[in-house]
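For reference, protein.cif (mmCIF, C-alpha atoms):
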```
data_data
loop_
_atom_site.label_atom_id
_atom_site.label_comp_id
_atom_site.auth_asym_id
_atom_site.auth_seq_id
_atom_site.Cartn_x
_atom_site.Cartn_y
_atom_site.Cartn_z
CA MET K 19 0.00 0.00 0.00
CA VAL K 20 1.44 3.37 -1.09
CA GLU K 21 0.64 6.37 1.07
CA LEU K 22 1.65 10.03 1.08
CA THR K 23 2.03 11.49 4.56
CA LEU K 24 2.73 15.14 5.26
CA VAL K 25 6.12 15.55 6.92
CA THR K 26 5.85 17.16 10.36
CA GLU K 27 8.42 19.51 11.83
CA ASN K 28 9.42 16.71 14.22
CA GLU K 29 10.31 14.59 11.15
CA LYS K 30 12.43 17.28 9.47
CA GLU K 31 15.71 15.48 10.27
CA ILE K 32 14.40 12.32 8.59
CA LEU K 33 13.55 14.31 5.48
CA SER K 34 16.98 15.94 5.61
CA ALA K 35 18.64 12.50 5.69
CA LEU K 36 16.60 11.35 2.68
CA LEU K 37 17.45 14.58 0.84
CA GLU K 38 21.15 13.75 1.25
CA LYS K 39 20.61 10.37 -0.43
CA TYR K 40 18.63 12.05 -3.21
CA GLN K 41 21.24 14.75 -3.76
CA TYR K 42 24.06 12.21 -3.77
CA GLU K 43 22.31 10.30 -6.53
CA PHE K 44 21.48 13.49 -8.43
CA SER K 45 25.06 14.76 -8.22
CA GLN K 46 25.99 12.48 -11.13
CA TRP K 47 23.94 14.82 -13.32
CA ASP K 48 24.17 18.26 -11.73
CA LYS K 49 27.83 17.83 -10.59
CA LYS K 50 27.14 19.43 -7.20
CA ASP K 51 29.81 18.99 -4.50
CA VAL K 52 29.39 18.33 -0.79
CA ASP K 53 30.38 20.94 1.77
CA GLU K 54 33.24 20.68 4.29
CA LYS K 55 31.06 18.48 6.52
CA GLY K 56 30.46 16.03 3.67
CA LEU K 57 26.86 17.14 3.18
CA TYR K 58 24.99 18.59 0.24
CA GLY K 59 22.48 20.45 2.35
CA TYR K 60 19.14 21.72 1.08
CA GLU K 61 18.83 25.48 1.40
CA TYR K 62 15.01 25.52 1.26
CA LEU K 63 14.35 22.80 3.85
CA ASP K 64 13.31 25.19 6.63
CA CYS K 65 10.96 26.97 4.23
CA TYR K 66 8.88 23.80 3.95
CA PHE K 67 8.06 24.11 7.65
CA GLU K 68 7.75 27.90 7.83
CA GLU K 69 5.71 28.76 4.72
CA ASP K 70 2.12 27.77 3.96
CA ASN K 71 2.72 27.30 0.24
CA ARG K 72 5.17 24.38 0.59
CA PHE K 73 4.22 20.77 1.11
CA PRO K 74 6.74 18.06 2.05
CA TYR K 75 5.46 14.48 1.88
CA PHE K 76 6.96 11.14 2.72
CA ILE K 77 6.18 8.30 0.37
CA ARG K 78 5.46 5.21 2.46
CA VAL K 79 4.93 1.64 1.36
CA ASP K 80 3.25 -0.55 3.96
CA SER K 81 4.14 2.17 6.51
CA ARG K 82 7.87 2.06 5.61
CA LEU K 83 9.71 5.09 4.25
CA ALA K 84 10.17 4.72 0.49
CA GLY K 85 10.95 8.30 -0.56
CA PHE K 86 9.58 11.82 -0.58
CA VAL K 87 7.85 14.47 -2.67
CA MET K 88 8.27 18.21 -2.15
CA VAL K 89 5.78 20.65 -3.62
CA SER K 90 5.80 24.45 -3.66
CA ASP K 91 4.13 27.26 -5.55
CA TYR K 92 7.45 28.78 -6.68
CA PRO K 93 8.04 28.38 -10.42
CA GLU K 94 11.45 27.06 -11.33
CA VAL K 95 11.02 28.65 -14.73
CA PRO K 96 10.89 32.46 -14.53
CA GLY K 97 7.88 34.28 -15.90
CA THR K 98 5.46 31.36 -15.71
CA GLU K 99 2.24 31.32 -13.74
CA ILE K 100 1.63 28.13 -11.80
CA ASP K 101 -0.20 26.91 -8.75
CA PHE K 102 2.23 24.10 -7.92
CA CYS K 103 5.76 23.03 -8.71
CA LEU K 104 6.91 19.49 -8.10
CA SER K 105 10.21 20.64 -6.66
CA GLU K 106 11.79 17.36 -5.54
CA PHE K 107 10.83 13.72 -6.03
CA PHE K 108 12.70 10.68 -4.76
CA VAL K 109 11.89 6.99 -4.60
CA MET K 110 14.47 4.67 -3.08
CA TYR K 111 15.90 1.98 -5.34
CA LYS K 112 14.08 -0.88 -3.63
CA TYR K 113 10.73 0.63 -4.60
CA ARG K 114 11.48 1.72 -8.15
CA ARG K 115 9.88 0.10 -11.18
CA SER K 116 7.10 -1.26 -9.00
CA GLY K 117 4.45 1.44 -9.47
CA VAL K 118 5.26 3.24 -6.19
CA GLY K 119 6.34 6.49 -7.88
CA ARG K 120 3.38 6.51 -10.24
CA GLU K 121 0.96 5.95 -7.36
CA ALA K 122 2.63 8.67 -5.28
CA VAL K 123 2.24 11.16 -8.13
CA ARG K 124 -1.39 10.11 -8.65
CA GLN K 125 -2.15 10.72 -4.96
CA LEU K 126 -0.29 14.02 -5.03
CA LEU K 127 -2.35 15.28 -7.97
CA GLU K 128 -5.53 14.25 -6.15
CA ARG K 129 -4.52 16.49 -3.24
CA HIS K 130 -3.39 19.52 -5.22
CA HIS K 131 -5.44 20.73 -8.19
CA GLY K 132 -4.26 23.46 -10.51
CA ARG K 133 -1.51 24.47 -12.92
CA TRP K 134 1.66 22.46 -12.44
CA GLN K 135 5.28 22.74 -13.45
CA LEU K 136 7.87 19.98 -13.26
CA LYS K 137 11.53 20.34 -14.20
CA ARG K 138 13.72 17.36 -15.08
CA HIS K 139 17.38 16.85 -15.97
CA PRO K 140 17.59 15.41 -19.52
CA HIS K 141 20.68 13.30 -18.70
CA ASN K 142 18.78 11.42 -16.00
CA THR K 143 17.36 8.92 -18.48
CA ALA K 144 15.43 6.90 -15.90
CA SER K 145 13.70 10.12 -14.81
CA VAL K 146 13.02 11.11 -18.42
CA TYR K 147 11.35 7.75 -19.07
CA PHE K 148 9.41 7.87 -15.79
CA TRP K 149 8.08 11.40 -16.20
CA ASN K 150 7.24 10.97 -19.88
CA ASN K 151 5.04 8.01 -19.03
CA VAL K 152 3.55 9.22 -15.76
CA ILE K 153 2.68 12.73 -16.92
CA ASP K 154 1.21 11.40 -20.16
CA GLU K 155 -0.90 8.84 -18.31
CA LEU K 156 -2.08 11.02 -15.43
CA THR K 157 -2.98 13.98 -17.66
CA ASP K 158 -4.48 11.89 -20.47
CA GLY K 159 -1.87 13.43 -22.75
CA ASN K 160 -2.86 17.02 -21.90
CA TYR K 161 0.49 18.61 -21.13
CA ARG K 162 3.22 20.67 -22.72
CA LEU K 163 6.86 19.62 -22.56
CA VAL K 164 9.58 22.13 -23.38
CA GLU K 165 12.85 20.31 -23.89
CA ALA K 166 16.02 22.35 -23.28
CA TYR K 167 14.05 25.25 -21.84
CA PRO K 168 15.56 28.42 -23.40
CA ASP K 169 15.82 30.55 -20.24
CA LYS K 170 19.26 30.17 -18.59
CA GLU K 171 17.70 30.68 -15.15
CA ALA K 172 16.07 27.25 -15.51
CA ASP K 173 19.41 25.53 -16.22
CA TYR K 174 20.86 23.01 -13.80
CA GLU K 175 24.05 23.75 -11.86
CA ASP K 176 26.11 21.88 -14.47
CA GLY K 177 24.80 24.24 -17.18
CA THR K 178 22.42 21.72 -18.73
CA PRO K 179 19.15 23.27 -19.92
CA ALA K 180 16.19 21.73 -18.11
CA ASP K 181 13.25 19.98 -19.68
CA VAL K 182 10.04 21.42 -18.24
CA PHE K 183 6.53 19.97 -18.15
CA PHE K 184 3.47 22.22 -17.85
CA PHE K 185 0.06 20.70 -17.15
CA GLU K 186 -3.23 21.18 -15.29
CA ASN K 187 -5.26 18.75 -13.28
#
```
Let me see whether you can do it: turn the structure in this file into structure tokens.
Amino acid sequence: MVELTLVTENEKEILSALLEKYQYEFSQWDKKDVDEKGLYGYEYLDCYFEEDNRFPYFIRVDSRLAGFVMVSDYPEVPGTEIDFCLSEFFVMYKYRRSGVGREAVRQLLERHHGRWQLKRHPHNTASVYFWNNVIDELTDGNYRLVEAYPDKEADYEDGTPADVFFFEN
């Protein structure tokens, strides 16, 4: 059973630990380095517990932690009007390719209705495949994908232009 649970402030350290695993994996694409303490850090973590327009969720499978989803209303692509941005998404290896991610996204879209934006790194081929299929399925093909988004502000830290999905639910 897949379940999304809102992360409480008391669980912030757990989310921080999962973010480190996520950022370690993602560093193969964005080339980000750790700091002097060996951590990547996540500069917006506190914002998810201080601002009303941010929603951190754990993904649980049979009550066990399987990943997380972080949603905000801040567009990652300048000049676009959105209601929600899927800012971060992580499913641990054990739970991948089993429908857990797809179900988590389905539940997320049931909770938050509106105009969405989702940015992905084009070199993360597993992510490209996942999001192509999930967004197409969950929107019945009603989305717009801009590959290599032309605004440099949307680029990843390694200089790679982001692919950006826009859709409504």
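Of the listed residues K:Arg162, K:Lys170, K:Lys49, K:Lys30, the one whose atoms come nearest to K:Phe86 is K:Lys30, with distances taken using only C-alpha atoms.
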Give the answer as one residue: which of K:Asp101, K:Glu54, K:Asp80, K:Glu155 has the shortest atom-to-atom distance to K:Val118, using only C-alpha atoms?
-> K:Asp80
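Each of K:Ala84, K:Val79, K:Val182, K:Val25 was compared to K:Phe108 using all atoms listed in the file, and K:Ala84 turns out to be the nearest.
If only C-alpha atoms are the atoms counted, then among K:Thr143, K:Leu63, K:Phe185, K:Tyr174 the closest residue to K:Tyr161 is K:Phe185.
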Residues near stretch 115-117 of chain K, anyone? I mean within 10 Å using all atoms listed in the file, not counting same-chain ones fewer than 6 positions away, as a PDB file with C-alpha atoms, in the frame of the given file.
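Now in around_15.pdb:
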```pdb
ATOM      1  CA  VAL K  20       1.440   3.370  -1.090  1.00  0.00           C
ATOM      2  CA  VAL K 109      11.890   6.990  -4.600  1.00  0.00           C
ATOM      3  CA  ALA K 144      15.430   6.900 -15.900  1.00  0.00           C
ATOM      4  CA  PHE K 148       9.410   7.870 -15.790  1.00  0.00           C
TER       5      PHE K 148
END
```
Using the chain letters and numbering of this document, enumerate as JSON, numbers by chain the residues selected by the PyMOL selection byres ((chain K and resi 92) around 9).
-> {"K": [71, 72, 89, 90, 91, 93, 94, 95, 100, 101, 102, 103, 105]}
Given the PyMOL selection byres ((chain K and resi 160) around 12), the residues it picks as an MDAnalysis selection string | chainID K and resid 133:134 150 152:159 161:163 183:187
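For the pair atom CA of K:Asp51 and atom CA of K:Glu31, the separation is 20.7 Å.
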Expressed in Å to a single decimal, how great is the separation between atom CA of K:Ser45 and atom CA of K:Tyr66?
-> 22.2 Å
Can you work out which one of K:Tyr40, K:Gln46, K:Gly56, K:Leu22 has the shortest atom-to-atom distance to K:Tyr111, counting only C-alpha atoms?
-> K:Tyr40
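From atom CA of K:Gln125 back to atom CA of K:Tyr58, the distance works out to 28.7 Å.
Between K:Ala122 and the candidates K:Met88, K:His139, K:Ala35, K:Pro96, the tightest atom-to-atom separation, counting all atoms listed in the file, involves K:Met88.
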